[in-house]
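Report on one structure; see the data block that follows.
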Amino acid sequence: MRVKTGTVRHANHKKIIKATKGYVGRRRSVFKLAKQAVIKAGQYAYRDRRTKKRTMRALWIIKLNAAVRTQGLTYSEFIKKLTEKNITINRKILSDLAVKEPTAFAAIVEKVK
């Protein structure tokens, strides 16, 4: 007696086809192309979860540099003076303060100077 894979294979194909919702053309409906598209999408997602961290840090640094220059310092001077004074606030919080609470940020800059 042979074993038929009908239901298992159908379920696996259905899972892949469901994952291609929103894709264009045959990548959405043809299993062979859909499988390739899902695998590639997973690779992009994995890679870009790491890239996102780099780009966010770069954005925080850009915001900080702009905010600190209005106070008469450069970004590198500001960070150097922060470490000398043992003020450990990360760049994310500092840039958030610079945008949302400029008075608090100005107080931090004055303390550093």
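Note on naming: chains are A, B, ... as they come in the structure tokens, residues start from 1 per chain, ligands start from 1 in the order shown.
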#### Entry: For A:Ala34: contacts at 10 Å, only C-alpha atoms, fewer than 2 positions along chain excluded, given as number ranges by chain
A: 13, 16-21, 23, 25-32, 36-40
### Message
From a backbone DSSP assignment, name each residue in chain A labelled helix (DSSP H, G or I), as a ChimeraX atom specification.
### Response
/A:6-19,26-29,31-70,75-84,91-100,102-112
Contact residues around A:Ala106 with only C-alpha atoms at 10 Å, ignoring same-chain residues under 5 positions, as a PDB file with N, CA and C atoms, in the first residue's frame:
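Generated output (result_27.pdb):
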ATOM      1  N   ALA A  67      21.107  69.633  16.644  1.00  0.00           N
ATOM      2  CA  ALA A  67      20.685  70.287  17.881  1.00  0.00           C
ATOM      3  C   ALA A  67      21.873  70.871  18.641  1.00  0.00           C
ATOM      4  N   VAL A  68      22.983  70.172  18.648  1.00  0.00           N
ATOM      5  CA  VAL A  68      24.154  70.616  19.401  1.00  0.00           C
ATOM      6  C   VAL A  68      24.806  71.824  18.727  1.00  0.00           C
ATOM      7  N   THR A  70      23.337  74.229  17.262  1.00  0.00           N
ATOM      8  CA  THR A  70      22.630  75.461  17.652  1.00  0.00           C
ATOM      9  C   THR A  70      23.112  75.951  19.015  1.00  0.00           C
ATOM     10  N   GLN A  71      23.690  75.034  19.805  1.00  0.00           N
ATOM     11  CA  GLN A  71      24.204  75.389  21.129  1.00  0.00           C
ATOM     12  C   GLN A  71      25.685  75.777  21.091  1.00  0.00           C
ATOM     13  N   LEU A  97      15.199  63.925  23.330  1.00  0.00           N
ATOM     14  CA  LEU A  97      15.150  65.136  24.152  1.00  0.00           C
ATOM     15  C   LEU A  97      15.357  66.388  23.297  1.00  0.00           C
ATOM     16  N   ALA A  98      16.298  66.322  22.377  1.00  0.00           N
ATOM     17  CA  ALA A  98      16.599  67.475  21.530  1.00  0.00           C
ATOM     18  C   ALA A  98      15.391  67.894  20.703  1.00  0.00           C
ATOM     19  N   GLU A 101      12.008  67.991  23.938  1.00  0.00           N
ATOM     20  CA  GLU A 101      12.232  68.810  25.142  1.00  0.00           C
ATOM     21  C   GLU A 101      13.495  69.655  24.960  1.00  0.00           C
ATOM     22  N   LYS A 111      25.426  71.845  31.065  1.00  0.00           N
ATOM     23  CA  LYS A 111      26.140  71.079  32.099  1.00  0.00           C
ATOM     24  C   LYS A 111      27.441  70.515  31.531  1.00  0.00           C
ATOM     25  N   VAL A 112      27.411  70.109  30.274  1.00  0.00           N
ATOM     26  CA  VAL A 112      28.583  69.539  29.615  1.00  0.00           C
ATOM     27  C   VAL A 112      29.640  70.616  29.370  1.00  0.00           C
TER      28      VAL A 112
END
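Minimum atom-to-atom distances from A:Ser95, A:Thr88, A:His10, A:Arg50 to A:Tyr75 were compared using only C-alpha atoms, and the lowest value belongs to A:Ser95.
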